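Shown next: run_4.cif, containing mmCIF, N, CA and C atoms.
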data_model
loop_
_atom_site.label_atom_id
_atom_site.label_comp_id
_atom_site.auth_asym_id
_atom_site.auth_seq_id
_atom_site.Cartn_x
_atom_site.Cartn_y
_atom_site.Cartn_z
N MET J 1442 0.84 -1.18 0.00
CA MET J 1442 0.00 0.00 0.00
C MET J 1442 0.88 1.24 0.00
N GLU J 1443 0.54 2.15 -0.85
CA GLU J 1443 1.26 3.41 -0.90
C GLU J 1443 0.67 4.39 0.12
N PRO J 1444 1.49 5.19 0.74
CA PRO J 1444 0.96 6.17 1.69
C PRO J 1444 0.33 7.34 0.92
N PRO J 1445 -0.67 7.98 1.51
CA PRO J 1445 -1.29 9.12 0.82
C PRO J 1445 -0.35 10.32 0.79
N ILE J 1446 -0.54 11.15 -0.22
CA ILE J 1446 0.23 12.39 -0.32
C ILE J 1446 -0.19 13.32 0.81
N THR J 1447 -1.49 13.45 1.00
CA THR J 1447 -2.04 14.21 2.12
C THR J 1447 -3.40 13.65 2.46
N GLN J 1448 -3.83 13.89 3.68
CA GLN J 1448 -5.16 13.48 4.09
C GLN J 1448 -5.68 14.45 5.13
N ALA J 1449 -7.00 14.52 5.25
CA ALA J 1449 -7.63 15.44 6.19
C ALA J 1449 -8.96 14.85 6.65
N THR J 1450 -9.43 15.35 7.77
CA THR J 1450 -10.70 14.88 8.30
C THR J 1450 -11.73 16.00 8.25
N ALA J 1451 -12.98 15.60 8.22
CA ALA J 1451 -14.10 16.55 8.21
C ALA J 1451 -15.14 16.05 9.20
N ARG J 1452 -16.23 16.77 9.28
CA ARG J 1452 -17.31 16.45 10.21
C ARG J 1452 -17.96 15.12 9.85
N GLY J 1453 -18.37 14.38 10.85
CA GLY J 1453 -19.13 13.16 10.62
C GLY J 1453 -18.29 11.96 10.19
N ASN J 1454 -17.09 11.81 10.73
CA ASN J 1454 -16.21 10.68 10.41
C ASN J 1454 -15.90 10.60 8.92
N ASN J 1455 -15.71 11.72 8.27
CA ASN J 1455 -15.32 11.76 6.87
C ASN J 1455 -13.84 12.05 6.76
N VAL J 1456 -13.16 11.27 5.93
CA VAL J 1456 -11.73 11.44 5.71
C VAL J 1456 -11.50 11.50 4.21
N VAL J 1457 -10.70 12.46 3.77
CA VAL J 1457 -10.31 12.56 2.37
C VAL J 1457 -8.80 12.32 2.31
N ALA J 1458 -8.39 11.45 1.39
CA ALA J 1458 -6.98 11.13 1.21
C ALA J 1458 -6.64 11.28 -0.28
N VAL J 1459 -5.54 11.95 -0.56
CA VAL J 1459 -5.10 12.17 -1.93
C VAL J 1459 -3.91 11.26 -2.20
N TYR J 1460 -4.05 10.40 -3.20
CA TYR J 1460 -2.97 9.52 -3.65
C TYR J 1460 -2.47 10.03 -5.00
N ALA J 1461 -1.47 9.38 -5.56
CA ALA J 1461 -0.89 9.82 -6.82
C ALA J 1461 -1.89 9.74 -7.97
N ASP J 1462 -2.80 8.77 -7.94
CA ASP J 1462 -3.71 8.58 -9.08
C ASP J 1462 -5.18 8.71 -8.73
N ARG J 1463 -5.51 8.93 -7.46
CA ARG J 1463 -6.92 8.97 -7.07
C ARG J 1463 -7.11 9.79 -5.80
N VAL J 1464 -8.38 10.12 -5.55
CA VAL J 1464 -8.81 10.76 -4.32
C VAL J 1464 -9.79 9.80 -3.67
N GLU J 1465 -9.56 9.46 -2.41
CA GLU J 1465 -10.46 8.56 -1.69
C GLU J 1465 -11.21 9.33 -0.63
N LEU J 1466 -12.53 9.15 -0.62
CA LEU J 1466 -13.39 9.74 0.40
C LEU J 1466 -13.92 8.60 1.25
N ARG J 1467 -13.55 8.58 2.51
CA ARG J 1467 -13.99 7.52 3.42
C ARG J 1467 -14.99 8.11 4.40
N SER J 1468 -16.03 7.33 4.68
CA SER J 1468 -17.02 7.76 5.66
C SER J 1468 -17.46 6.55 6.46
N GLY J 1469 -18.17 6.81 7.53
CA GLY J 1469 -18.62 5.74 8.40
C GLY J 1469 -17.76 5.67 9.64
N TRP J 1470 -18.23 4.92 10.61
CA TRP J 1470 -17.58 4.86 11.90
C TRP J 1470 -16.17 4.28 11.80
N GLN J 1471 -15.98 3.25 10.99
CA GLN J 1471 -14.66 2.66 10.82
C GLN J 1471 -14.12 2.87 9.40
N GLY J 1472 -14.67 3.82 8.68
CA GLY J 1472 -14.21 4.11 7.32
C GLY J 1472 -14.59 3.04 6.33
N GLN J 1473 -15.73 2.38 6.54
CA GLN J 1473 -16.09 1.26 5.69
C GLN J 1473 -16.67 1.69 4.34
N HIS J 1474 -17.15 2.93 4.21
CA HIS J 1474 -17.68 3.41 2.93
C HIS J 1474 -16.57 4.19 2.23
N VAL J 1475 -16.11 3.66 1.10
CA VAL J 1475 -15.00 4.27 0.37
C VAL J 1475 -15.48 4.65 -1.02
N GLU J 1476 -15.29 5.91 -1.38
CA GLU J 1476 -15.60 6.40 -2.71
C GLU J 1476 -14.27 6.86 -3.32
N ALA J 1477 -13.83 6.19 -4.37
CA ALA J 1477 -12.56 6.54 -5.03
C ALA J 1477 -12.86 7.29 -6.32
N ILE J 1478 -12.17 8.41 -6.51
CA ILE J 1478 -12.33 9.22 -7.71
C ILE J 1478 -10.95 9.34 -8.35
N SER J 1479 -10.88 9.06 -9.63
CA SER J 1479 -9.62 9.20 -10.34
C SER J 1479 -9.24 10.68 -10.40
N ILE J 1480 -7.95 10.96 -10.35
CA ILE J 1480 -7.48 12.35 -10.43
C ILE J 1480 -7.94 12.98 -11.74
N ARG J 1481 -7.98 12.21 -12.79
CA ARG J 1481 -8.38 12.74 -14.10
C ARG J 1481 -9.87 13.06 -14.15
N ASP J 1482 -10.67 12.46 -13.27
CA ASP J 1482 -12.10 12.73 -13.24
C ASP J 1482 -12.48 13.93 -12.40
N VAL J 1483 -11.56 14.45 -11.60
CA VAL J 1483 -11.85 15.62 -10.77
C VAL J 1483 -11.83 16.85 -11.67
N SER J 1484 -12.95 17.59 -11.68
CA SER J 1484 -13.00 18.78 -12.53
C SER J 1484 -12.72 20.06 -11.76
N ALA J 1485 -13.10 20.13 -10.48
CA ALA J 1485 -12.86 21.35 -9.70
C ALA J 1485 -12.81 21.02 -8.22
N VAL J 1486 -12.05 21.84 -7.50
CA VAL J 1486 -11.96 21.74 -6.05
C VAL J 1486 -12.12 23.16 -5.51
N ARG J 1487 -13.06 23.34 -4.59
CA ARG J 1487 -13.33 24.67 -4.04
C ARG J 1487 -13.30 24.62 -2.53
N ILE J 1488 -12.89 25.75 -1.95
CA ILE J 1488 -12.90 25.93 -0.50
C ILE J 1488 -13.81 27.11 -0.21
N ARG J 1489 -14.69 26.94 0.78
CA ARG J 1489 -15.58 28.02 1.19
C ARG J 1489 -15.48 28.15 2.71
N GLY J 1490 -15.27 29.37 3.18
CA GLY J 1490 -15.21 29.62 4.61
C GLY J 1490 -13.80 29.84 5.09
N VAL J 1491 -13.70 30.25 6.37
CA VAL J 1491 -12.40 30.53 6.95
C VAL J 1491 -12.15 29.68 8.19
N ILE J 1492 -13.09 29.66 9.12
CA ILE J 1492 -12.88 28.92 10.36
C ILE J 1492 -13.24 27.45 10.17
N ASN J 1493 -14.48 27.17 9.90
CA ASN J 1493 -14.94 25.81 9.61
C ASN J 1493 -15.21 25.75 8.11
N CYS J 1494 -14.23 25.32 7.35
CA CYS J 1494 -14.29 25.36 5.89
C CYS J 1494 -15.16 24.23 5.34
N ALA J 1495 -15.63 24.47 4.13
CA ALA J 1495 -16.31 23.42 3.37
C ALA J 1495 -15.48 23.19 2.12
N LEU J 1496 -15.06 21.96 1.92
CA LEU J 1496 -14.29 21.57 0.74
C LEU J 1496 -15.23 20.86 -0.21
N THR J 1497 -15.35 21.35 -1.43
CA THR J 1497 -16.23 20.76 -2.43
C THR J 1497 -15.39 20.21 -3.56
N ILE J 1498 -15.61 18.94 -3.89
CA ILE J 1498 -14.92 18.28 -4.99
C ILE J 1498 -15.96 17.94 -6.04
N LEU J 1499 -15.77 18.44 -7.26
CA LEU J 1499 -16.67 18.16 -8.38
C LEU J 1499 -15.98 17.22 -9.34
N ASP J 1500 -16.73 16.26 -9.89
CA ASP J 1500 -16.13 15.36 -10.87
C ASP J 1500 -16.80 15.55 -12.23
N ASN J 1501 -16.26 14.89 -13.24
CA ASN J 1501 -16.72 15.08 -14.61
C ASN J 1501 -18.12 14.57 -14.86
N SER J 1502 -18.62 13.65 -14.04
CA SER J 1502 -19.96 13.11 -14.24
C SER J 1502 -21.03 13.97 -13.59
N GLY J 1503 -20.65 15.07 -12.95
CA GLY J 1503 -21.61 15.98 -12.36
C GLY J 1503 -21.84 15.78 -10.87
N ARG J 1504 -21.22 14.78 -10.28
CA ARG J 1504 -21.36 14.57 -8.84
C ARG J 1504 -20.51 15.57 -8.08
N HIS J 1505 -20.99 15.99 -6.94
CA HIS J 1505 -20.16 16.84 -6.07
C HIS J 1505 -20.18 16.27 -4.67
N PHE J 1506 -19.02 16.32 -4.07
CA PHE J 1506 -18.80 15.81 -2.72
C PHE J 1506 -18.43 17.00 -1.86
N GLU J 1507 -19.19 17.22 -0.80
CA GLU J 1507 -18.93 18.37 0.07
C GLU J 1507 -18.56 17.87 1.46
N LEU J 1508 -17.41 18.29 1.92
CA LEU J 1508 -16.90 17.93 3.24
C LEU J 1508 -16.98 19.17 4.11
N GLN J 1509 -17.79 19.11 5.15
CA GLN J 1509 -18.05 20.25 6.02
C GLN J 1509 -17.10 20.28 7.21
N ARG J 1510 -16.89 21.47 7.74
CA ARG J 1510 -16.17 21.72 8.98
C ARG J 1510 -14.75 21.16 8.99
N MET J 1511 -14.00 21.54 7.98
CA MET J 1511 -12.58 21.19 7.93
C MET J 1511 -11.75 22.38 8.40
N ALA J 1512 -10.57 22.12 8.88
CA ALA J 1512 -9.64 23.19 9.21
C ALA J 1512 -9.09 23.79 7.91
N LEU J 1513 -8.89 25.08 7.90
CA LEU J 1513 -8.44 25.76 6.68
C LEU J 1513 -7.10 25.23 6.17
N PRO J 1514 -6.08 25.00 7.01
CA PRO J 1514 -4.82 24.45 6.48
C PRO J 1514 -4.98 23.06 5.86
N ASP J 1515 -5.85 22.23 6.45
CA ASP J 1515 -6.10 20.91 5.88
C ASP J 1515 -6.78 21.01 4.53
N ALA J 1516 -7.78 21.88 4.43
CA ALA J 1516 -8.50 22.06 3.16
C ALA J 1516 -7.55 22.59 2.08
N ARG J 1517 -6.70 23.53 2.46
CA ARG J 1517 -5.73 24.07 1.49
C ARG J 1517 -4.73 23.01 1.05
N ALA J 1518 -4.30 22.16 1.96
CA ALA J 1518 -3.34 21.10 1.61
C ALA J 1518 -3.97 20.10 0.66
N VAL J 1519 -5.23 19.73 0.89
CA VAL J 1519 -5.92 18.79 0.00
C VAL J 1519 -6.11 19.41 -1.38
N LYS J 1520 -6.55 20.66 -1.42
CA LYS J 1520 -6.75 21.33 -2.71
C LYS J 1520 -5.44 21.45 -3.48
N ALA J 1521 -4.37 21.83 -2.81
CA ALA J 1521 -3.07 21.97 -3.47
C ALA J 1521 -2.57 20.62 -3.99
N ALA J 1522 -2.75 19.57 -3.21
CA ALA J 1522 -2.29 18.24 -3.63
C ALA J 1522 -3.07 17.75 -4.85
N ILE J 1523 -4.38 17.97 -4.86
CA ILE J 1523 -5.18 17.56 -6.02
C ILE J 1523 -4.77 18.33 -7.25
N GLU J 1524 -4.60 19.65 -7.13
CA GLU J 1524 -4.21 20.45 -8.28
C GLU J 1524 -2.82 20.08 -8.77
N ARG J 1525 -1.90 19.78 -7.85
CA ARG J 1525 -0.55 19.37 -8.25
C ARG J 1525 -0.57 18.03 -8.99
N GLN J 1526 -1.37 17.07 -8.50
CA GLN J 1526 -1.47 15.77 -9.16
C GLN J 1526 -2.17 15.90 -10.51
N LYS J 1527 -3.16 16.78 -10.62
CA LYS J 1527 -3.82 17.00 -11.91
C LYS J 1527 -2.84 17.59 -12.92
N GLN J 1528 -1.98 18.48 -12.46
CA GLN J 1528 -1.00 19.08 -13.35
C GLN J 1528 0.02 18.04 -13.81
N LYS J 1529 0.44 17.15 -12.91
CA LYS J 1529 1.36 16.09 -13.29
C LYS J 1529 0.72 15.12 -14.27
N ALA J 1530 -0.56 14.79 -14.06
CA ALA J 1530 -1.26 13.88 -14.95
C ALA J 1530 -1.42 14.47 -16.34
N SER J 1531 -1.59 15.78 -16.43
CA SER J 1531 -1.76 16.39 -17.75
C SER J 1531 -0.43 16.48 -18.49
N THR J 1532 0.70 16.57 -17.79
CA THR J 1532 1.98 16.64 -18.48
C THR J 1532 2.42 15.27 -18.99
N TYR J 1533 1.93 14.19 -18.40
CA TYR J 1533 2.33 12.87 -18.84
C TYR J 1533 1.45 12.31 -19.94
N GLU J 1534 0.36 13.00 -20.29
CA GLU J 1534 -0.51 12.50 -21.36
C GLU J 1534 0.05 12.78 -22.71
#

What would you get if you wrote out this structure as structure tokens?
Amino acid sequence: MEPPITQATARGNNVVAVYADRVELRSGWQGQHVEAISIRDVSAVRIRGVINCALTILDNSGRHFELQRMALPDARAVKAAIERQKQKASTYE
């Protein structure tokens, strides 16, 4: 197993982890619900708020995932990691 580039937690036992080729959204008490999104399928990442941030991840199929009550540095780290991986994926195509 490869370690994540970055990961952060949000309200309601939600964890987002950014890997080299995908973004994993885990939810549930023991993280049993896993939603994996390919880096190439992520169309936008937005941060809203300052104290308790909301991180929104949009994919190409029109789904959006909103993670509430994140710390601002964690949200910024996740957004930067996704954008950096998207840039690397576009240079290798």

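Shortest atom-to-atom contact with Val1457 (chain J) among J:Glu1443, J:Glu1476, J:Glu1524, J:Asp1482: J:Glu1476, counting only C-alpha atoms.
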
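What separates CA of Pro1445 (chain J) from CA of Leu1508 (chain J) is a distance of 18.1 Å.
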
| field | Matched chain/residue IDs from the PyMOL selection byres ((chain J and resi 1519) around 8), as a count of residues only | value | 20

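Counting from CA of Phe1506 (chain J), the distance to atom N of Leu1466 (chain J) is 9.4 Å.
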
| field | Contacts of Gly1453 (chain J) within 8 Å, only N, CA and C atoms, excl. fewer than 2 positions in-chain, as a list in words | value | Thr1450, Ala1451, Asn1455, Val1456, Arg1467, Ser1468, Gly1469, Trp1470, Gln1509 and Arg1510 of chain J

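For the choices J:Ile1498, J:Ser1531, J:Asn1454, J:Ser1484, the atom-to-atom distance to Gln1471 (chain J) is smallest for J:Asn1454 when using only N, CA and C atoms.
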
| query | DSSP on the backbone: what in region 1442-1529 of chain J comes out strand (DSSP E), as a ChimeraX atom specification? | reply | /J:1447-1451,1455-1459,1463-1468,1474-1479,1483-1489,1494-1500,1505-1511

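Of note, atom N of Ile1480 (chain J) and atom N of Ile1492 (chain J) are spaced 27.5 Å apart.
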
Please write out, as lines of an AutoDock Vina configuration file, where the centre of an axis-aligned box around all listed atoms of region 1482-1489 of chain J lies and how long its edges are, in Å to one decimal, after adding 3 Å on each side.
center_x = -13.1
center_y = 20.3
center_z = -5.3
size_x = 10.9
size_y = 21.7
size_z = 22.0

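Closest to Val1483 (chain J) among J:Glu1507, J:Ala1495, J:Lys1527, J:Asn1501 is J:Asn1501, based on all atoms listed in the file.
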
Members of chain J assigned helix (DSSP H, G or I) by DSSP, as a short mmCIF file (atom, residue, chain, number, x, y, z; two decimals) with N, CA and C atoms, keeping the file's coordinate frame:
data_model
loop_
_atom_site.label_atom_id
_atom_site.label_comp_id
_atom_site.auth_asym_id
_atom_site.auth_seq_id
_atom_site.Cartn_x
_atom_site.Cartn_y
_atom_site.Cartn_z
N ILE J 1480 -7.95 10.96 -10.35
CA ILE J 1480 -7.48 12.35 -10.43
C ILE J 1480 -7.94 12.98 -11.74
N ARG J 1481 -7.98 12.21 -12.79
CA ARG J 1481 -8.38 12.74 -14.10
C ARG J 1481 -9.87 13.06 -14.15
N ASP J 1482 -10.67 12.46 -13.27
CA ASP J 1482 -12.10 12.73 -13.24
C ASP J 1482 -12.48 13.93 -12.40
N LEU J 1513 -8.89 25.08 7.90
CA LEU J 1513 -8.44 25.76 6.68
C LEU J 1513 -7.10 25.23 6.17
N PRO J 1514 -6.08 25.00 7.01
CA PRO J 1514 -4.82 24.45 6.48
C PRO J 1514 -4.98 23.06 5.86
N ASP J 1515 -5.85 22.23 6.45
CA ASP J 1515 -6.10 20.91 5.88
C ASP J 1515 -6.78 21.01 4.53
N ALA J 1516 -7.78 21.88 4.43
CA ALA J 1516 -8.50 22.06 3.16
C ALA J 1516 -7.55 22.59 2.08
N ARG J 1517 -6.70 23.53 2.46
CA ARG J 1517 -5.73 24.07 1.49
C ARG J 1517 -4.73 23.01 1.05
N ALA J 1518 -4.30 22.16 1.96
CA ALA J 1518 -3.34 21.10 1.61
C ALA J 1518 -3.97 20.10 0.66
N VAL J 1519 -5.23 19.73 0.89
CA VAL J 1519 -5.92 18.79 0.00
C VAL J 1519 -6.11 19.41 -1.38
N LYS J 1520 -6.55 20.66 -1.42
CA LYS J 1520 -6.75 21.33 -2.71
C LYS J 1520 -5.44 21.45 -3.48
N ALA J 1521 -4.37 21.83 -2.81
CA ALA J 1521 -3.07 21.97 -3.47
C ALA J 1521 -2.57 20.62 -3.99
N ALA J 1522 -2.75 19.57 -3.21
CA ALA J 1522 -2.29 18.24 -3.63
C ALA J 1522 -3.07 17.75 -4.85
N ILE J 1523 -4.38 17.97 -4.86
CA ILE J 1523 -5.18 17.56 -6.02
C ILE J 1523 -4.77 18.33 -7.25
N GLU J 1524 -4.60 19.65 -7.13
CA GLU J 1524 -4.21 20.45 -8.28
C GLU J 1524 -2.82 20.08 -8.77
N ARG J 1525 -1.90 19.78 -7.85
CA ARG J 1525 -0.55 19.37 -8.25
C ARG J 1525 -0.57 18.03 -8.99
N GLN J 1526 -1.37 17.07 -8.50
CA GLN J 1526 -1.47 15.77 -9.16
C GLN J 1526 -2.17 15.90 -10.51
N LYS J 1527 -3.16 16.78 -10.62
CA LYS J 1527 -3.82 17.00 -11.91
C LYS J 1527 -2.84 17.59 -12.92
N GLN J 1528 -1.98 18.48 -12.46
CA GLN J 1528 -1.00 19.08 -13.35
C GLN J 1528 0.02 18.04 -13.81
N LYS J 1529 0.44 17.15 -12.91
CA LYS J 1529 1.36 16.09 -13.29
C LYS J 1529 0.72 15.12 -14.27
N ALA J 1530 -0.56 14.79 -14.06
CA ALA J 1530 -1.26 13.88 -14.95
C ALA J 1530 -1.42 14.47 -16.34
N SER J 1531 -1.59 15.78 -16.43
CA SER J 1531 -1.76 16.39 -17.75
C SER J 1531 -0.43 16.48 -18.49
N THR J 1532 0.70 16.57 -17.79
CA THR J 1532 1.98 16.64 -18.48
C THR J 1532 2.42 15.27 -18.99
#

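Residue nearest Ile1478 (chain J) within the list J:Cys1494, J:Ala1512, J:Asp1500, J:Pro1444: J:Asp1500 [criterion: smallest interatomic distance, only N, CA and C atoms].
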